[in-house]
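The file final28.pdb contains PDB, C-alpha atoms and all ligand atoms:
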```pdb
ATOM      1  CA  MET H 449      70.052  60.063  17.270
ATOM      2  CA  THR H 450      72.239  57.657  15.305
ATOM      3  CA  VAL H 451      71.404  53.982  15.186
ATOM      4  CA  ASP H 452      74.235  51.600  15.944
ATOM      5  CA  THR H 453      75.401  50.193  12.590
ATOM      6  CA  MET H 454      75.794  46.621  13.855
ATOM      7  CA  ALA H 455      72.303  46.686  15.367
ATOM      8  CA  LEU H 456      70.896  48.055  12.128
ATOM      9  CA  ARG H 457      72.663  45.342  10.095
ATOM     10  CA  SER H 458      71.317  42.639  12.405
ATOM     11  CA  CYS H 459      67.849  44.108  12.221
ATOM     12  CA  LEU H 460      67.816  44.352   8.422
ATOM     13  CA  GLY H 461      69.199  40.809   8.195
ATOM     14  CA  LEU H 462      65.946  39.572   9.715
ATOM     15  CA  PHE H 463      64.129  40.677   6.587
ATOM     16  CA  ALA H 464      64.281  37.613   4.320
ATOM     17  CA  THR H 465      64.824  38.383   0.649
ATOM     18  CA  GLY H 466      65.422  36.656  -2.631
ATOM     19  CA  VAL H 467      68.842  36.973  -4.265
ATOM     20  CA  THR H 468      69.594  38.471  -7.675
ATOM     21  CA  VAL H 469      72.633  38.999  -9.849
ATOM     22  CA  VAL H 470      72.458  42.265 -11.765
ATOM     23  CA  THR H 471      74.325  42.016 -15.060
ATOM     24  CA  THR H 472      75.398  44.709 -17.468
ATOM     25  CA  ASP H 473      77.954  45.557 -20.106
ATOM     26  CA  SER H 474      80.848  47.868 -19.348
ATOM     27  CA  ALA H 475      84.037  49.168 -20.883
ATOM     28  CA  ASP H 476      85.767  46.322 -19.013
ATOM     29  CA  GLY H 477      83.420  43.645 -20.395
ATOM     30  CA  VAL H 478      80.351  41.917 -18.965
ATOM     31  CA  HIS H 479      79.830  42.540 -15.258
ATOM     32  CA  GLY H 480      77.669  40.924 -12.596
ATOM     33  CA  VAL H 481      76.978  41.886  -8.992
ATOM     34  CA  THR H 482      75.015  40.016  -6.322
ATOM     35  CA  VAL H 483      72.149  42.145  -5.015
ATOM     36  CA  ASN H 484      69.377  41.478  -2.527
ATOM     37  CA  ALA H 485      68.299  45.133  -2.276
ATOM     38  CA  PHE H 486      65.965  44.673  -5.222
ATOM     39  CA  SER H 487      62.348  45.795  -5.339
ATOM     40  CA  SER H 488      59.420  46.245  -7.644
ATOM     41  CA  VAL H 489      58.454  49.921  -7.899
ATOM     42  CA  SER H 490      55.713  50.562 -10.454
ATOM     43  CA  LEU H 491      53.524  48.627 -12.891
ATOM     44  CA  ASP H 492      52.704  51.568 -15.199
ATOM     45  CA  PRO H 493      55.333  52.414 -16.218
ATOM     46  CA  SER H 494      57.017  49.099 -15.357
ATOM     47  CA  LEU H 495      59.832  49.998 -12.986
ATOM     48  CA  VAL H 496      62.119  48.017 -10.704
ATOM     49  CA  MET H 497      64.877  49.216  -8.380
ATOM     50  CA  VAL H 498      68.271  47.991  -7.228
ATOM     51  CA  SER H 499      70.272  49.700  -4.511
ATOM     52  CA  LEU H 500      74.037  49.650  -5.071
ATOM     53  CA  ASP H 501      76.944  50.604  -2.848
ATOM     54  CA  ARG H 502      78.625  53.690  -4.322
ATOM     55  CA  ARG H 503      82.003  51.935  -3.997
ATOM     56  CA  SER H 504      80.980  49.016  -6.237
ATOM     57  CA  LYS H 505      82.007  48.928  -9.870
ATOM     58  CA  ALA H 506      78.445  48.021 -10.772
ATOM     59  CA  CYS H 507      77.202  51.327  -9.358
ATOM     60  CA  ASP H 508      79.218  53.216 -11.962
ATOM     61  CA  TYR H 509      78.042  51.009 -14.800
ATOM     62  CA  LEU H 510      74.316  50.908 -14.066
ATOM     63  CA  GLY H 511      73.312  54.555 -14.439
ATOM     64  CA  SER H 512      74.005  54.629 -18.144
ATOM     65  CA  SER H 513      73.753  51.035 -19.417
ATOM     66  CA  PRO H 514      70.867  48.614 -19.893
ATOM     67  CA  PHE H 515      70.930  45.894 -17.261
ATOM     68  CA  CYS H 516      69.300  42.586 -16.340
ATOM     69  CA  VAL H 517      68.097  41.505 -12.907
ATOM     70  CA  ASN H 518      68.623  37.742 -12.771
ATOM     71  CA  ILE H 519      66.598  36.147  -9.957
ATOM     72  CA  LEU H 520      68.588  33.213  -8.603
ATOM     73  CA  ALA H 521      67.210  29.708  -8.174
ATOM     74  CA  ALA H 522      67.658  27.727  -4.952
ATOM     75  CA  SER H 523      70.668  25.813  -6.304
ATOM     76  CA  GLN H 524      72.635  28.954  -7.289
ATOM     77  CA  HIS H 525      74.249  30.001  -3.986
ATOM     78  CA  ASP H 526      77.710  29.518  -5.548
ATOM     79  CA  VAL H 527      76.684  31.945  -8.312
ATOM     80  CA  ALA H 528      75.634  34.458  -5.641
ATOM     81  CA  LEU H 529      78.988  34.124  -3.867
ATOM     82  CA  HIS H 530      80.930  34.421  -7.106
ATOM     83  CA  PHE H 531      79.279  37.730  -8.027
ATOM     84  CA  ALA H 532      79.684  38.967  -4.464
ATOM     85  CA  GLY H 533      83.431  38.919  -5.045
ATOM     86  CA  ARG H 534      84.419  35.466  -3.769
ATOM     87  CA  ARG H 535      87.652  34.599  -5.490
ATOM     88  CA  GLY H 536      88.407  31.086  -6.684
ATOM     89  CA  THR H 537      86.965  28.668  -9.169
ATOM     90  CA  VAL H 538      84.235  30.064 -11.379
ATOM     91  CA  PRO H 539      81.088  27.953 -10.793
ATOM     92  CA  ALA H 540      80.375  25.664 -13.728
ATOM     93  CA  ASP H 541      76.750  26.792 -13.922
ATOM     94  CA  ILE H 542      77.600  30.384 -14.902
ATOM     95  CA  ARG H 543      76.506  30.683 -18.504
ATOM     96  CA  TRP H 544      76.059  34.055 -20.212
ATOM     97  CA  ALA H 545      73.732  35.082 -23.038
ATOM     98  CA  ASP H 546      73.374  38.474 -24.691
ATOM     99  CA  ASP H 547      70.950  37.871 -27.521
ATOM    100  CA  ASP H 548      69.195  41.239 -27.035
ATOM    101  CA  GLY H 549      72.434  43.151 -26.461
ATOM    102  CA  THR H 550      72.277  43.105 -22.649
ATOM    103  CA  PRO H 551      74.213  40.328 -20.923
ATOM    104  CA  ARG H 552      72.155  38.005 -18.751
ATOM    105  CA  LEU H 553      72.682  34.717 -16.948
ATOM    106  CA  LEU H 554      71.151  31.464 -18.134
ATOM    107  CA  GLY H 555      69.582  28.985 -15.724
ATOM    108  CA  CYS H 556      68.018  31.552 -13.380
ATOM    109  CA  LEU H 557      64.514  31.544 -12.007
ATOM    110  CA  ALA H 558      63.663  34.685 -13.964
ATOM    111  CA  THR H 559      65.385  37.518 -15.783
ATOM    112  CA  ILE H 560      64.154  41.110 -16.001
ATOM    113  CA  SER H 561      65.741  43.189 -18.790
ATOM    114  CA  CYS H 562      65.777  46.932 -18.096
ATOM    115  CA  THR H 563      66.860  50.229 -19.574
ATOM    116  CA  PRO H 564      68.016  52.947 -17.148
ATOM    117  CA  TRP H 565      65.101  55.115 -15.918
ATOM    118  CA  ALA H 566      66.601  57.253 -13.143
ATOM    119  CA  SER H 567      69.161  57.109 -10.347
ATOM    120  CA  TYR H 568      68.584  58.628  -6.913
ATOM    121  CA  ASP H 569      70.797  59.486  -3.981
ATOM    122  CA  GLY H 570      70.536  56.790  -1.333
ATOM    123  CA  GLY H 571      73.275  57.899   1.061
ATOM    124  CA  ASP H 572      76.236  55.561   0.674
ATOM    125  CA  HIS H 573      74.157  53.692  -1.929
ATOM    126  CA  VAL H 574      72.567  54.776  -5.216
ATOM    127  CA  LEU H 575      69.020  53.690  -6.063
ATOM    128  CA  HIS H 576      68.989  52.671  -9.711
ATOM    129  CA  LEU H 577      65.557  52.417 -11.292
ATOM    130  CA  GLY H 578      65.156  50.512 -14.539
ATOM    131  CA  GLU H 579      62.254  50.414 -16.953
ATOM    132  CA  VAL H 580      61.377  46.809 -17.693
ATOM    133  CA  GLN H 581      61.645  45.907 -21.371
ATOM    134  CA  HIS H 582      61.320  42.160 -21.228
ATOM    135  CA  VAL H 583      60.920  39.331 -18.729
ATOM    136  CA  GLU H 584      61.842  35.660 -18.962
ATOM    137  CA  LEU H 585      60.431  33.128 -16.556
ATOM    138  CA  GLY H 586      62.157  29.879 -15.607
ATOM    139  CA  GLU H 587      61.028  27.202 -13.194
ATOM    140  CA  GLY H 588      61.897  26.123  -9.691
ATOM    141  CA  ASP H 589      62.234  27.632  -6.239
ATOM    142  CA  PRO H 590      64.091  30.835  -5.326
ATOM    143  CA  LEU H 591      67.305  31.219  -3.380
ATOM    144  CA  VAL H 592      66.515  32.981  -0.091
ATOM    145  CA  PHE H 593      68.838  35.159   2.037
ATOM    146  CA  HIS H 594      68.187  35.567   5.752
ATOM    147  CA  ARG H 595      70.520  36.486   8.636
ATOM    148  CA  LYS H 596      73.611  36.336   6.403
ATOM    149  CA  GLU H 597      72.814  32.798   5.240
ATOM    150  CA  PHE H 598      71.357  31.228   2.122
ATOM    151  CA  HIS H 599      68.177  29.198   2.492
ATOM    152  CA  GLN H 600      65.617  27.378   0.455
ATOM    153  CA  LEU H 601      61.900  27.996   0.830
ATOM    154  CA  GLY H 602      60.202  26.213   3.688
ATOM    155  CA  ARG H 603      56.562  25.313   3.984
ATOM    156  CA  PRO H 604      53.824  27.894   3.330
ATOM    157  CA  ALA H 605      52.711  29.635   6.537
ATOM    158  CA  PRO H 606      49.420  28.278   7.900
ATOM    159  CA  THR H 607      47.580  31.574   7.490
ATOM    160  CA  GLY H 608      44.331  30.319   6.049
ATOM    161  CA  TRP H 609      44.817  33.163   3.545
ATOM    162  CA  GLN H 610      43.062  31.909   0.445
ATOM    163  CA  PRO H 611      41.148  33.519  -2.376
ATOM    164  CA  GLY H 612      37.708  33.916  -0.805
ATOM    165  CA  THR H 613      39.048  34.993   2.581
ATOM    166  CA  ARG H 614      37.734  38.470   3.481
ATOM    167  CA  GLY H 615      39.919  41.037   1.707
ATOM    168  CA  ALA H 616      41.997  38.383   0.028
ATOM    169  CA  TRP H 617      39.994  38.400  -3.177
ATOM    170  CA  ARG H 618      41.235  41.888  -3.946
ATOM    171  CA  TRP H 619      44.884  40.934  -3.627
ATOM    172  CA  ALA H 620      44.313  37.706  -5.544
ATOM    173  CA  GLU H 621      42.816  39.855  -8.306
ATOM    174  CA  ILE H 622      45.799  42.226  -8.244
ATOM    175  CA  LEU H 623      48.230  39.312  -8.445
ATOM    176  CA  ARG H 624      46.233  37.686 -11.246
ATOM    177  CA  LYS H 625      45.715  40.803 -13.387
ATOM    178  CA  GLY H 626      48.943  42.526 -12.406
ATOM    179  CA  ARG H 627      47.049  45.742 -11.498
ATOM    180  CA  LYS H 628      44.436  47.105  -9.112
ATOM    181  CA  PRO H 629      40.888  46.015 -10.095
TER     182      PRO H 629
HETATM  183  C1  LIG B 701      73.552  37.901  -0.547
HETATM  184  C2  LIG B 701      74.258  39.180  -0.935
HETATM  185  C3  LIG B 701      73.508  40.320  -1.218
HETATM  186  C4  LIG B 701      74.145  41.518  -1.573
HETATM  187  N1  LIG B 701      73.369  42.605  -1.854
HETATM  188  C5  LIG B 701      73.939  43.762  -2.219
HETATM  189  C6  LIG B 701      73.124  44.895  -2.545
HETATM  190  O1  LIG B 701      71.897  44.851  -2.503
HETATM  191  N2  LIG B 701      73.766  46.042  -2.919
HETATM  192  C7  LIG B 701      75.135  46.127  -2.992
HETATM  193  O2  LIG B 701      75.645  47.197  -3.342
HETATM  194  N3  LIG B 701      75.932  45.066  -2.684
HETATM  195  C8  LIG B 701      75.365  43.889  -2.312
HETATM  196  N4  LIG B 701      76.139  42.803  -2.011
HETATM  197  C9  LIG B 701      77.621  42.945  -2.085
HETATM  198  C10 LIG B 701      78.138  42.936  -3.526
HETATM  199  O3  LIG B 701      77.677  41.789  -4.217
HETATM  200  C11 LIG B 701      79.698  42.933  -3.527
HETATM  201  O4  LIG B 701      80.159  44.062  -2.825
HETATM  202  C12 LIG B 701      80.297  42.896  -4.918
HETATM  203  O5  LIG B 701      81.601  42.395  -4.787
HETATM  204  C13 LIG B 701      80.389  44.245  -5.636
HETATM  205  O6  LIG B 701      80.964  43.979  -6.915
HETATM  206  P1  LIG B 701      81.586  45.076  -7.892
HETATM  207  O7  LIG B 701      82.330  46.112  -7.101
HETATM  208  O8  LIG B 701      82.513  44.261  -8.779
HETATM  209  O9  LIG B 701      80.456  45.663  -8.716
HETATM  210  C14 LIG B 701      75.551  41.589  -1.646
HETATM  211  C15 LIG B 701      76.306  40.424  -1.352
HETATM  212  C16 LIG B 701      75.667  39.248  -1.000
HETATM  213  C17 LIG B 701      76.502  38.002  -0.705
END
```

Go ahead and express the file in the form of structure tokens.
Amino acid sequence: MTVDTMALRSCLGLFATGVTVVTTDSADGVHGVTVNAFSSVSLDPSLVMVSLDRRSKACDYLGSSPFCVNILAASQHDVALHFAGRRGTVPADIRWADDDGTPRLLGCLATISCTPWASYDGGDHVLHLGEVQHVELGEGDPLVFHRKEFHQLGRPAPTGWQPGTRGAWRWAEILRKGRKP
């Protein structure tokens, strides 16, 4: 049975994500692409994943070149649109750096520098895994994408989920230490 594509798109759009711009060097110069199909994969080794449309230029570049995953801050929706192919004026807050040889964006919430680890068939997309070499942390709130629109974070959900809640200590420990206790 095949799922209706529009229904699938609508369904997946309900899953709120952050927004990243994945940057890399190419024969044509520095390149950036807006990506919300980003995920952590493994802590040891340190792996992250981005899923790229086979038709995108970025998909060709990523398999063989180091890349950075730049996590966008709440104010950077114009940066997201720019790297999603919106033509027009380049946003003033796009500033590049490439001090370690891999181009990255300044002013983001965080940047994860990666070397290519492996690429896997993902249908009309390719899953590019990168081994994390370096992370840089900024400050602020993330840009959020939900139902085709950009958002800022709302209030924390009233879950009562605190360190000390049954079962929560274990996850708090994992988050604190970055690994399973
Ligand atoms: C919020 C947002 C998230 C996106 N996420 C992805 C994604 O995860 N994977 C992807 O291949 N394209 C994604 N896109 C579309 C690409 O950014 C767009 O097709 C881009 O123009 C490809 O650039 P390129 O061909 O120059 O590499 C996203 C666009 C937006 C606005």

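CA of Val580 (chain H) is positioned 6.6 Å from CA of Ile560 (chain H).
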
Taking all atoms listed in the file into account, which residues have an atom no farther than 6 Å from ligand LIG 701 (chain B)? I'd like them as a list of chain:residue names. H:Val481, H:Thr482, H:Val483, H:Asn484, H:Ala485, H:Ser499, H:Leu500, H:Asp501, H:Ser504, H:Lys505, H:Ala506, H:Leu529, H:Phe531, H:Ala532, H:Gly533

Using only C-alpha atoms, the shortest atom-to-atom distance to Asp548 (chain H) among H:Thr472, H:Tyr568, H:Leu577, H:Ala605 belongs to H:Thr472

Calculated over all atoms listed in the file, which of the candidates H:Val478, H:Ile519, H:Val470, H:Val538 has the smallest distance to Gly588 (chain H)?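 Selected residue with least distance to Gly588 (chain H): H:Ile519.
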
Would you write out, as a CSV table (one decimal) with C-alpha atoms, in the coordinates of the input, every residue that the PyMOL selection byres (((chain H and resi 517) around 7) and not hetatm) captures in this file?
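Contents of expr.csv, freshly written:
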```
chain,number,residue,atom,x,y,z
H,468,THR,CA,69.6,38.5,-7.7
H,469,VAL,CA,72.6,39.0,-9.8
H,470,VAL,CA,72.5,42.3,-11.8
H,471,THR,CA,74.3,42.0,-15.1
H,515,PHE,CA,70.9,45.9,-17.3
H,516,CYS,CA,69.3,42.6,-16.3
H,518,ASN,CA,68.6,37.7,-12.8
H,519,ILE,CA,66.6,36.1,-10.0
H,559,THR,CA,65.4,37.5,-15.8
H,560,ILE,CA,64.2,41.1,-16.0
H,561,SER,CA,65.7,43.2,-18.8
```

Residue among H:Ala455, H:Leu520, H:Leu591, H:Val527 lying closest to Leu557 (chain H), counting only C-alpha atoms: H:Leu520

CA of Gly555 (chain H) to CA of Gln524 (chain H): how many Å, to one decimal?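 Atom-to-atom, CA of Gly555 (chain H) to CA of Gln524 (chain H), that is 9.0 Å.
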
Calculate how many Å separate CA of Leu554 (chain H) from CA of Ala521 (chain H), rounding to one decimal. 10.9 Å

Given the choices H:Gly571, H:Asp508, H:Ser487, H:Gly480, which gets closest to Leu553 (chain H) if the distance is worked out from all atoms listed in the file?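 With all atoms listed in the file as the atom set, the closest residue is H:Gly480.
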
Rank nothing, just name the residue among H:Ser512, H:Leu460, H:Thr450, H:Val498 nearest to Gly570 (chain H), using only C-alpha atoms. H:Val498

Exactly which residues make up the result of the PyMOL selection byres (((chain H and resi 596) around 10) and not hetatm) on this file, given as an NGL selection string? :H and (457-458 or 461-462 or 464 or 593-595 or 597-599)

Closest of H:Leu510, H:Gly602, H:Ala522, H:Trp544 to Ser567 (chain H) - atom-to-atom distances counting only C-alpha atoms: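 For Ser567 (chain H), the nearest of the given residues is H:Leu510.
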
Which residues, written as a list in words, have at least one atom at most 6 Å from Thr563 (chain H), with all atoms listed in the file counted and residues fewer than 4 positions away on the same chain left out? Pro514, Gly578 and Glu579 of chain H
